[in-house]
file start.cif (mmCIF, C-alpha atoms and all ligand atoms)
data_my_file
loop_
_atom_site.label_atom_id
_atom_site.label_comp_id
_atom_site.auth_asym_id
_atom_site.auth_seq_id
_atom_site.Cartn_x
_atom_site.Cartn_y
_atom_site.Cartn_z
CA MET A 220 0.00 0.00 0.00
CA ALA A 221 1.33 3.47 -0.84
CA ASN A 222 2.33 5.76 2.01
CA SER A 223 4.01 9.15 2.11
CA SER A 224 7.49 7.62 1.68
CA THR A 225 6.49 5.47 -1.31
CA PRO A 226 8.25 6.91 -4.36
CA ALA A 227 5.97 8.30 -7.04
CA VAL A 228 7.94 6.39 -9.67
CA GLN A 229 10.22 3.44 -9.25
CA ILE A 230 11.90 1.84 -12.24
CA GLU A 231 14.23 -1.08 -11.64
CA GLY A 232 16.49 -2.79 -14.15
CA LEU A 233 14.16 -1.89 -17.00
CA THR A 234 15.00 -3.32 -20.41
CA LYS A 235 12.89 -3.05 -23.52
CA VAL A 236 13.85 -4.86 -26.68
CA PHE A 237 11.83 -4.33 -29.84
CA ARG A 238 11.90 -7.11 -32.40
CA LEU A 239 11.51 -5.76 -35.89
CA PRO A 240 8.84 -7.61 -37.86
CA PHE A 241 10.06 -9.89 -40.70
CA LYS A 242 13.68 -9.27 -39.67
CA GLN A 243 16.13 -10.97 -37.36
CA GLU A 244 17.15 -7.60 -35.94
CA LYS A 245 16.35 -6.33 -32.49
CA VAL A 246 16.46 -2.83 -31.09
CA VAL A 247 17.45 -2.45 -27.46
CA ALA A 248 15.55 0.75 -26.67
CA VAL A 249 16.08 0.67 -22.89
CA ASP A 250 18.91 -1.24 -21.29
CA GLY A 251 18.86 -2.03 -17.57
CA LEU A 252 17.60 1.37 -16.50
CA SER A 253 16.78 2.17 -12.87
CA LEU A 254 15.47 5.42 -11.51
CA GLN A 255 13.31 6.75 -8.75
CA VAL A 256 11.21 9.88 -8.50
CA ASP A 257 10.12 10.97 -5.04
CA ALA A 258 6.62 12.32 -4.51
CA GLY A 259 6.39 16.06 -5.15
CA GLU A 260 9.56 16.18 -7.25
CA VAL A 261 10.03 17.37 -10.82
CA TYR A 262 12.27 14.90 -12.65
CA GLY A 263 13.76 15.69 -16.05
CA LEU A 264 14.79 12.91 -18.39
CA ILE A 265 17.16 14.23 -21.02
CA GLY A 266 18.99 12.44 -23.80
CA PRO A 267 19.52 12.51 -27.55
CA ASN A 268 16.95 11.34 -30.10
CA GLY A 269 16.35 7.62 -29.90
CA SER A 270 17.94 7.23 -26.45
CA GLY A 271 14.86 5.59 -24.94
CA LYS A 272 13.02 8.41 -23.14
CA SER A 273 9.59 7.82 -24.68
CA THR A 274 9.95 4.05 -24.39
CA THR A 275 10.72 4.39 -20.67
CA MET A 276 7.65 6.57 -20.20
CA LYS A 277 5.43 4.17 -22.16
CA VAL A 278 6.52 1.23 -20.01
CA LEU A 279 5.93 3.30 -16.89
CA LEU A 280 2.40 4.06 -18.08
CA GLY A 281 1.73 0.42 -18.92
CA LEU A 282 1.28 1.21 -22.62
CA ILE A 283 3.97 -1.33 -23.52
CA SER A 284 5.30 -4.18 -21.44
CA PRO A 285 8.94 -4.42 -20.35
CA SER A 286 11.23 -7.18 -21.69
CA ALA A 287 12.89 -7.30 -18.25
CA GLY A 288 12.75 -5.35 -15.02
CA LYS A 289 9.80 -3.46 -13.63
CA ALA A 290 8.22 -0.09 -13.14
CA SER A 291 5.73 1.08 -10.57
CA ILE A 292 3.71 4.18 -9.77
CA PHE A 293 3.05 4.96 -6.10
CA GLY A 294 3.88 1.35 -5.29
CA LEU A 295 1.54 -0.19 -7.89
CA ASP A 296 3.07 -2.17 -10.76
CA SER A 297 2.71 -0.47 -14.16
CA GLY A 298 1.10 -3.61 -15.51
CA ASP A 299 -1.73 -3.13 -13.02
CA THR A 300 -4.43 -0.84 -14.44
CA ALA A 301 -5.00 0.62 -10.96
CA SER A 302 -1.54 2.24 -11.23
CA ARG A 303 -2.92 4.55 -13.93
CA GLY A 304 -5.71 5.94 -11.76
CA SER A 305 -3.60 8.79 -10.48
CA VAL A 306 -1.61 9.60 -13.63
CA GLY A 307 -1.94 12.21 -16.35
CA PHE A 308 -0.01 11.82 -19.61
CA LEU A 309 0.95 14.14 -22.43
CA PRO A 310 2.36 11.93 -25.22
CA GLU A 311 5.07 13.20 -27.57
CA ASN A 312 2.76 13.41 -30.58
CA PRO A 313 -0.67 13.89 -29.05
CA TYR A 314 -3.55 13.12 -31.35
CA PHE A 315 -6.69 15.13 -30.83
CA TYR A 316 -10.01 15.20 -32.62
CA LYS A 317 -9.69 18.37 -34.61
CA TYR A 318 -13.45 18.95 -34.90
CA LEU A 319 -13.88 19.16 -31.13
CA THR A 320 -13.51 22.52 -29.42
CA GLY A 321 -11.14 23.06 -26.48
CA SER A 322 -13.88 22.62 -23.88
CA GLU A 323 -15.42 19.62 -25.69
CA THR A 324 -12.00 17.98 -25.70
CA LEU A 325 -11.67 18.37 -21.94
CA ALA A 326 -15.24 17.13 -21.47
CA PHE A 327 -14.39 14.06 -23.56
CA TYR A 328 -11.33 13.22 -21.45
CA GLY A 329 -13.22 14.09 -18.26
CA LYS A 330 -15.87 11.51 -19.18
CA LEU A 331 -13.15 8.93 -19.79
CA CYS A 332 -11.90 9.66 -16.26
CA GLY A 333 -15.41 9.07 -14.93
CA LEU A 334 -16.12 12.66 -13.87
CA SER A 335 -19.71 13.87 -13.46
CA ARG A 336 -21.08 16.64 -15.68
CA LYS A 337 -20.76 19.17 -12.91
CA GLN A 338 -17.18 18.11 -12.15
CA ILE A 339 -16.35 18.30 -15.84
CA ARG A 340 -17.70 21.83 -16.09
CA GLU A 341 -15.82 23.04 -13.04
CA ARG A 342 -12.60 21.27 -13.90
CA SER A 343 -12.68 22.48 -17.54
CA ASP A 344 -13.20 26.08 -16.50
CA GLU A 345 -10.32 25.88 -14.06
CA LEU A 346 -7.96 24.09 -16.45
CA LEU A 347 -8.75 26.30 -19.44
CA GLU A 348 -7.99 29.28 -17.27
CA MET A 349 -4.79 27.67 -16.03
CA VAL A 350 -3.48 26.96 -19.54
CA ASP A 351 -4.61 30.34 -20.82
CA LEU A 352 -7.18 29.01 -23.30
CA THR A 353 -10.41 30.39 -21.87
CA GLY A 354 -10.73 32.74 -24.84
CA ALA A 355 -10.29 29.85 -27.29
CA ARG A 356 -12.52 27.32 -25.50
CA ASP A 357 -15.17 27.33 -28.23
CA ARG A 358 -12.74 27.16 -31.13
CA ARG A 359 -12.09 23.83 -32.82
CA LEU A 360 -8.67 22.27 -32.25
CA GLY A 361 -8.16 22.16 -36.03
CA GLY A 362 -7.56 25.90 -35.78
CA TYR A 363 -5.28 25.81 -32.74
CA SER A 364 -1.60 26.72 -33.07
CA LYS A 365 1.07 24.22 -32.00
CA GLY A 366 1.53 26.00 -28.67
CA MET A 367 -2.22 25.98 -28.01
CA LEU A 368 -2.39 22.26 -28.82
CA GLN A 369 0.39 21.50 -26.35
CA ARG A 370 -1.46 23.51 -23.70
CA ILE A 371 -4.79 21.77 -24.31
CA GLY A 372 -2.80 18.52 -24.13
CA LEU A 373 -1.47 19.55 -20.78
CA ALA A 374 -4.97 20.46 -19.57
CA GLN A 375 -6.17 17.05 -20.81
CA ALA A 376 -3.42 15.38 -18.74
CA LEU A 377 -4.72 17.19 -15.65
CA VAL A 378 -8.43 16.48 -16.06
CA GLY A 379 -8.41 13.44 -13.76
CA ASP A 380 -6.71 15.39 -10.94
CA PRO A 381 -3.55 13.24 -11.11
CA ARG A 382 -0.84 12.89 -8.45
CA LEU A 383 1.74 12.13 -11.14
CA VAL A 384 1.99 13.85 -14.52
CA VAL A 385 4.15 12.40 -17.29
CA LEU A 386 5.05 14.90 -20.01
CA ASP A 387 6.91 13.68 -23.08
CA GLU A 388 8.49 16.78 -24.61
CA PRO A 389 5.82 19.23 -23.50
CA THR A 390 7.48 22.12 -25.31
CA ALA A 391 8.23 20.40 -28.63
CA GLY A 392 7.64 22.84 -31.47
CA VAL A 393 6.49 25.61 -29.14
CA ASP A 394 8.03 29.10 -29.35
CA PRO A 395 9.96 30.51 -26.37
CA ALA A 396 6.99 32.48 -24.99
CA GLY A 397 4.76 29.39 -25.22
CA SER A 398 7.46 27.20 -23.66
CA ARG A 399 7.75 29.66 -20.83
CA LYS A 400 4.02 29.33 -20.18
CA ILE A 401 4.39 25.57 -20.09
CA ARG A 402 7.40 25.92 -17.80
CA ASP A 403 5.32 28.07 -15.44
CA LEU A 404 2.55 25.48 -15.50
CA VAL A 405 5.01 22.78 -14.47
CA LEU A 406 6.13 24.99 -11.59
CA GLU A 407 2.47 25.48 -10.65
CA LEU A 408 1.98 21.69 -10.58
CA LYS A 409 5.00 21.38 -8.34
CA ARG A 410 3.57 24.06 -6.06
CA ARG A 411 0.42 21.97 -5.78
CA GLY A 412 2.49 18.95 -4.75
CA ILE A 413 2.01 17.06 -8.01
CA THR A 414 4.94 14.89 -9.10
CA VAL A 415 6.12 15.54 -12.64
CA ILE A 416 8.38 13.49 -14.88
CA LEU A 417 9.20 15.16 -18.16
CA SER A 418 11.50 14.68 -21.09
CA SER A 419 12.87 17.57 -23.06
CA HIS A 420 15.59 18.70 -25.42
CA LEU A 421 15.46 22.24 -24.04
CA LEU A 422 18.16 21.91 -21.45
CA GLU A 423 17.80 25.42 -20.16
CA GLN A 424 14.14 24.78 -19.36
CA VAL A 425 14.94 21.50 -17.69
CA GLN A 426 17.46 23.37 -15.62
CA GLU A 427 14.81 25.90 -14.60
CA VAL A 428 12.11 23.49 -13.47
CA CYS A 429 13.65 20.17 -12.45
CA ASP A 430 14.83 19.15 -9.00
CA GLU A 431 16.45 16.00 -10.30
CA VAL A 432 17.80 15.11 -13.71
CA GLY A 433 18.63 11.83 -15.41
CA ILE A 434 20.74 11.73 -18.55
CA ILE A 435 19.93 8.76 -20.76
CA PHE A 436 22.12 7.56 -23.61
CA ASN A 437 21.59 4.40 -25.66
CA GLY A 438 18.91 3.24 -23.23
CA ARG A 439 21.14 3.58 -20.18
CA LEU A 440 21.09 6.15 -17.43
CA VAL A 441 24.60 7.59 -17.64
CA ARG A 442 24.23 10.32 -15.01
CA GLU A 443 21.63 11.15 -12.41
CA GLY A 444 21.33 13.46 -9.47
CA LYS A 445 20.01 16.62 -7.90
CA LEU A 446 20.30 19.35 -10.48
CA ASN A 447 22.22 21.71 -8.22
CA ASP A 448 24.84 19.07 -7.45
CA LEU A 449 25.19 18.06 -11.07
CA ILE A 450 25.83 21.51 -12.44
CA ALA A 451 27.87 23.09 -9.66
CA ILE A 452 31.52 23.67 -10.67
CA GLU A 453 32.99 22.83 -7.34
CA ASP A 454 36.43 24.37 -7.64
CA GLN A 455 35.12 27.75 -8.83
CA SER A 456 33.41 30.64 -7.01
CA GLU A 457 31.37 33.50 -8.41
CA ILE A 458 31.01 37.07 -7.15
CA VAL A 459 28.53 39.38 -8.88
CA LEU A 460 29.07 43.10 -8.20
CA GLN A 461 26.79 46.01 -8.98
CA ASN A 462 28.31 49.33 -10.10
CA ALA A 463 31.91 48.30 -9.47
CA THR A 464 34.45 50.88 -10.65
CA PRO A 465 37.40 49.78 -12.82
CA GLN A 466 39.64 50.67 -9.86
CA LEU A 467 37.79 48.27 -7.55
CA LEU A 468 38.00 45.48 -10.12
CA GLU A 469 41.72 46.13 -10.45
CA ARG A 470 42.18 45.94 -6.67
CA ILE A 471 40.31 42.65 -6.52
CA ALA A 472 42.44 41.26 -9.35
CA GLU A 473 45.59 42.28 -7.49
CA MET A 474 44.38 40.62 -4.29
CA VAL A 475 43.72 37.38 -6.15
CA GLU A 476 47.16 37.53 -7.77
CA GLY A 477 48.77 37.69 -4.35
CA GLU A 478 46.95 34.52 -3.22
CA GLU A 479 48.82 31.23 -3.63
CA GLY A 480 47.00 28.85 -6.03
CA ALA A 481 44.00 31.13 -6.70
CA GLN A 482 43.41 32.43 -10.18
CA LEU A 483 41.02 34.99 -11.65
CA LEU A 484 39.46 33.25 -14.65
CA ARG A 485 37.04 35.85 -15.90
CA CYS A 486 36.00 39.41 -15.15
CA GLY A 487 33.40 41.24 -17.22
CA ASN A 488 29.67 41.77 -17.66
CA PRO A 489 27.47 38.70 -17.27
CA ARG A 490 25.48 37.84 -20.39
CA THR A 491 21.74 37.49 -20.40
CA THR A 492 20.40 34.46 -22.22
CA LEU A 493 19.13 34.64 -25.77
CA GLU A 494 15.82 33.33 -24.45
CA ARG A 495 15.46 36.21 -21.99
CA LEU A 496 16.37 38.72 -24.67
CA PHE A 497 13.87 37.19 -27.09
CA LEU A 498 11.07 37.25 -24.50
CA GLN A 499 11.86 40.84 -23.59
CA GLU A 500 11.63 41.91 -27.23
CA ILE A 501 8.36 40.01 -27.71
CA LYS A 502 6.94 41.72 -24.63
CA GLU A 503 7.94 45.11 -26.04
CA GLY A 504 6.36 44.15 -29.36
CA SER A 505 3.11 42.97 -27.79
CA LYS A 506 2.81 46.25 -25.85
CA GLN A 507 2.58 47.84 -29.24
CA GLY A 508 -0.37 45.58 -30.15
CA GLY A 509 0.68 41.93 -30.65
CA GLU A 510 -1.48 38.79 -30.46
CA ASP A 511 -0.96 36.11 -27.86
CA ALA A 512 -1.21 32.84 -29.81
N1 LIG B 601 7.61 0.40 -31.51
C1 LIG B 601 8.89 0.35 -31.80
N2 LIG B 601 9.40 -0.60 -32.62
C2 LIG B 601 10.71 -0.67 -32.90
N3 LIG B 601 11.63 0.18 -32.40
C3 LIG B 601 11.19 1.15 -31.57
C4 LIG B 601 9.82 1.30 -31.23
N4 LIG B 601 9.71 2.36 -30.39
C5 LIG B 601 10.95 2.85 -30.22
N5 LIG B 601 11.85 2.13 -30.93
C6 LIG B 601 13.29 2.35 -30.99
O1 LIG B 601 13.77 2.45 -29.66
C7 LIG B 601 14.78 3.44 -29.55
C8 LIG B 601 14.37 4.45 -28.49
O2 LIG B 601 13.25 5.19 -28.96
P1 LIG B 601 12.48 6.28 -28.08
O3 LIG B 601 11.32 6.71 -28.87
O4 LIG B 601 12.24 5.73 -26.74
O5 LIG B 601 13.59 7.42 -27.99
P2 LIG B 601 13.48 8.91 -27.43
O6 LIG B 601 14.60 9.08 -26.46
O7 LIG B 601 12.10 9.19 -26.97
O8 LIG B 601 13.83 9.78 -28.72
P3 LIG B 601 13.26 11.22 -29.21
O9 LIG B 601 14.08 12.25 -28.48
O10 LIG B 601 13.55 11.22 -30.66
O11 LIG B 601 11.81 11.30 -28.89
C9 LIG B 601 14.95 4.02 -30.94
O12 LIG B 601 16.03 3.37 -31.56
C10 LIG B 601 13.65 3.68 -31.63
O13 LIG B 601 13.84 3.52 -33.01
MG MG B 602 10.66 10.51 -27.54
#

call {"tool": "encode", "arguments": {"input": "start.cif", "output": "structure tokens"}}
result
Amino acid sequence: MANSSTPAVQIEGLTKVFRLPFKQEKVVAVDGLSLQVDAGEVYGLIGPNGSGKSTTMKVLLGLISPSAGKASIFGLDSGDTASRGSVGFLPENPYFYKYLTGSETLAFYGKLCGLSRKQIRERSDELLEMVDLTGARDRRLGGYSKGMLQRIGLAQALVGDPRLVVLDEPTAGVDPAGSRKIRDLVLELKRRGITVILSSHLLEQVQEVCDEVGIIFNGRLVREGKLNDLIAIEDQSEIVLQNATPQLLERIAEMVEGEEGAQLLRCGNPRTTLERLFLQEIKEGSKQGGEDA
């Protein structure tokens, strides 16, 4: 039975081998992978194309069966349909009925989750608001932009009020402003205590939202840990000064020079990121009358 210390996700020695039809060949998509996600954490799975991220997620969700090893959600084996009761999933290429409107789509998934009409109405209103699609609720998905589709996909994943949300590349094909919205939504889920496991190629975004990161390569987990531990450069220190005069900088440099073993590696203005610059420009542009798609 699950209790508060039961991990949200536990994957042990997972291997998935695909046999190609009419051929002798096999593809080892996941190779002895183990990982654990604690309840309330945001876990980022990163790795190149074809490294096994989606396959791992599909096994976790019980959509495909493992060749060896096992996966469980809040202590229930992924093969057990009960394990899916508390999970929301955004697949990497979500397929939606393009003739349904945004709110009809959520009603459809709400019905699948067994919600009552009243619950569906309340939940849809809340989720549409949360993903910023209230204004587009009566438009058909056929006319939604890629970013809007990803957001309705995210709302769909949340309809059943899940404790775990699995997002396979939630920001694929979405522009930086849209990805930022999705990033904020992930942070909102975390704030609500929902566990999130996501895969992404946008490393900067993973860095911004994830507590723990796993790097997967050729189906194996090659590195895993708390994000802050993984990316800290332990033998370097950083000082950021505001309004320092050239004289002060010179004095600091001289002090460092006089210190045995210490070395000043860099001194200059920190750079903003291209993403921040882009978003700033877009904001300026939209003040002058842009459209939020
Ligand atoms: N149904 C399948 N049949 C055969 N091979 C498959 C199947 N699904 C995945 N594979 C293979 O398994 C490997 C891992 O694929 P997977 O989709 O898990 O990678 P991924 O890390 O999600 O990649 P991407 O970043 O491109 O989404 C790939 O070599 C892929 O071709
Ligand atoms: Mg994938």

call {"tool": "residues_near_ligand", "arguments": {"input": "start.cif", "ligand": "ligand LIG 601 (chain B)", "cutoff": "12 Å", "atoms": "only C-alpha atoms and all ligand atoms", "output": "PyMOL selection string"}}
result
chain A and resi 234-240+242+244-250+264-279+282-284+310-312+386-389+391+417-421+434-440

call {"tool": "axis_aligned_box", "arguments": {"input": "start.cif", "around": "region 480-484 of chain A", "padding_each_side": "3 Å", "output": "AutoDock Vina command-line options"}}
result
--center_x 43.2 --center_y 31.9 --center_z -10.3 --size_x 13.5 --size_y 12.1 --size_z 14.6

call {"tool": "closest_atom_pairs", "arguments": {"input": "start.cif", "of": "region 371-430 of chain A", "to": "region 320-342 of chain A", "cutoff": "6 Å", "atoms": "only C-alpha atoms", "output": "JSON lines"}}
result
{"residue": "A:Gln375", "atom": "CA", "partner": "A:Leu325", "partner_atom": "CA", "distance": 5.8}
{"residue": "A:Val378", "atom": "CA", "partner": "A:Gly329", "partner_atom": "CA", "distance": 5.8}
{"residue": "A:Gly379", "atom": "CA", "partner": "A:Cys332", "partner_atom": "CA", "distance": 5.7}

call {"tool": "residues_near_point", "arguments": {"input": "start.cif", "point": "(3.2, 1.8, -18.3)", "cutoff": "12 Å", "atoms": "all atoms listed in the file", "output": "PDB file with C-alpha atoms, keeping the file's coordinate frame"}}
result
ATOM      1  CA  VAL A 228       7.940   6.390  -9.670  1.00  0.00           C
ATOM      2  CA  GLN A 229      10.220   3.440  -9.250  1.00  0.00           C
ATOM      3  CA  ILE A 230      11.900   1.840 -12.240  1.00  0.00           C
ATOM      4  CA  LEU A 233      14.160  -1.890 -17.000  1.00  0.00           C
ATOM      5  CA  SER A 273       9.590   7.820 -24.680  1.00  0.00           C
ATOM      6  CA  THR A 274       9.950   4.050 -24.390  1.00  0.00           C
ATOM      7  CA  THR A 275      10.720   4.390 -20.670  1.00  0.00           C
ATOM      8  CA  MET A 276       7.650   6.570 -20.200  1.00  0.00           C
ATOM      9  CA  LYS A 277       5.430   4.170 -22.160  1.00  0.00           C
ATOM     10  CA  VAL A 278       6.520   1.230 -20.010  1.00  0.00           C
ATOM     11  CA  LEU A 279       5.930   3.300 -16.890  1.00  0.00           C
ATOM     12  CA  LEU A 280       2.400   4.060 -18.080  1.00  0.00           C
ATOM     13  CA  GLY A 281       1.730   0.420 -18.920  1.00  0.00           C
ATOM     14  CA  LEU A 282       1.280   1.210 -22.620  1.00  0.00           C
ATOM     15  CA  ILE A 283       3.970  -1.330 -23.520  1.00  0.00           C
ATOM     16  CA  SER A 284       5.300  -4.180 -21.440  1.00  0.00           C
ATOM     17  CA  PRO A 285       8.940  -4.420 -20.350  1.00  0.00           C
ATOM     18  CA  LYS A 289       9.800  -3.460 -13.630  1.00  0.00           C
ATOM     19  CA  ALA A 290       8.220  -0.090 -13.140  1.00  0.00           C
ATOM     20  CA  SER A 291       5.730   1.080 -10.570  1.00  0.00           C
ATOM     21  CA  ILE A 292       3.710   4.180  -9.770  1.00  0.00           C
ATOM     22  CA  LEU A 295       1.540  -0.190  -7.890  1.00  0.00           C
ATOM     23  CA  ASP A 296       3.070  -2.170 -10.760  1.00  0.00           C
ATOM     24  CA  SER A 297       2.710  -0.470 -14.160  1.00  0.00           C
ATOM     25  CA  GLY A 298       1.100  -3.610 -15.510  1.00  0.00           C
ATOM     26  CA  ASP A 299      -1.730  -3.130 -13.020  1.00  0.00           C
ATOM     27  CA  THR A 300      -4.430  -0.840 -14.440  1.00  0.00           C
ATOM     28  CA  ALA A 301      -5.000   0.620 -10.960  1.00  0.00           C
ATOM     29  CA  SER A 302      -1.540   2.240 -11.230  1.00  0.00           C
ATOM     30  CA  ARG A 303      -2.920   4.550 -13.930  1.00  0.00           C
ATOM     31  CA  GLY A 304      -5.710   5.940 -11.760  1.00  0.00           C
ATOM     32  CA  VAL A 306      -1.610   9.600 -13.630  1.00  0.00           C
ATOM     33  CA  GLY A 307      -1.940  12.210 -16.350  1.00  0.00           C
ATOM     34  CA  PHE A 308      -0.010  11.820 -19.610  1.00  0.00           C
ATOM     35  CA  VAL A 385       4.150  12.400 -17.290  1.00  0.00           C
TER      36      VAL A 385
END

call {"tool": "residues_around", "arguments": {"input": "start.cif", "residues": "Val256 (chain A)", "least_positions_apart": "3", "cutoff": "8 Å", "atoms": "all atoms listed in the file", "output": "PyMOL selection string"}}
result
chain A and resi 226-229+260-262+416

call {"tool": "residues_around", "arguments": {"input": "start.cif", "residues": "Val428 (chain A)", "least_positions_apart": "5", "cutoff": "8 Å", "atoms": "all atoms listed in the file", "output": "list in words"}}
result
Val261, Arg402, Val405 and Leu406 of chain A

call {"tool": "residues_near_point", "arguments": {"input": "start.cif", "point": "(11.7, 27.0, -20.0)", "cutoff": "8 Å", "atoms": "all atoms listed in the file", "output": "PDB file with C-alpha atoms, in the coordinates of the input"}}
result
ATOM      1  CA  PRO A 395       9.960  30.510 -26.370  1.00  0.00           C
ATOM      2  CA  SER A 398       7.460  27.200 -23.660  1.00  0.00           C
ATOM      3  CA  ARG A 399       7.750  29.660 -20.830  1.00  0.00           C
ATOM      4  CA  ILE A 401       4.390  25.570 -20.090  1.00  0.00           C
ATOM      5  CA  ARG A 402       7.400  25.920 -17.800  1.00  0.00           C
ATOM      6  CA  ASP A 403       5.320  28.070 -15.440  1.00  0.00           C
ATOM      7  CA  LEU A 421      15.460  22.240 -24.040  1.00  0.00           C
ATOM      8  CA  GLU A 423      17.800  25.420 -20.160  1.00  0.00           C
ATOM      9  CA  GLN A 424      14.140  24.780 -19.360  1.00  0.00           C
ATOM     10  CA  VAL A 425      14.940  21.500 -17.690  1.00  0.00           C
ATOM     11  CA  GLU A 427      14.810  25.900 -14.600  1.00  0.00           C
ATOM     12  CA  VAL A 428      12.110  23.490 -13.470  1.00  0.00           C
TER      13      VAL A 428
END

call {"tool": "closest_residue", "arguments": {"input": "start.cif", "among": "A:Glu457, A:Leu368, A:Lys400, A:Val441", "to": "Gly251 (chain A)", "atoms": "only C-alpha atoms"}}
result
A:Val441

call {"tool": "closest_residue", "arguments": {"input": "start.cif", "among": "A:Cys486, A:Pro313, A:Thr492, A:Asp380", "to": "ligand MG 602 (chain B)", "atoms": "all atoms listed in the file"}}
result
A:Pro313

call {"tool": "atom_distance", "arguments": {"input": "start.cif", "atom1": "CA of Val350 (chain A)", "atom2": "CA of Gln426 (chain A)"}}
result
21.6 Å

call {"tool": "closest_residue", "arguments": {"input": "start.cif", "among": "A:Leu309, A:Gly259, A:Leu468, A:Leu347", "to": "ligand MG 602 (chain B)", "atoms": "all atoms listed in the file"}}
result
A:Leu309

call {"tool": "closest_residue", "arguments": {"input": "start.cif", "among": "A:Met367, A:Val415, A:Val393, A:Val432", "to": "Leu254 (chain A)", "atoms": "only C-alpha atoms"}}
result
A:Val432

call {"tool": "closest_residue", "arguments": {"input": "start.cif", "among": "A:Glu469, A:Gly412, A:Phe315, A:Gly444", "to": "Ile371 (chain A)", "atoms": "all atoms listed in the file"}}
result
A:Phe315

call {"tool": "atom_distance", "arguments": {"input": "start.cif", "atom1": "CA of Arg358 (chain A)", "atom2": "CA of Leu319 (chain A)"}}
result
8.1 Å

call {"tool": "atom_distance", "arguments": {"input": "start.cif", "atom1": "CA of Gly397 (chain A)", "atom2": "CA of Tyr316 (chain A)"}}
result
21.8 Å
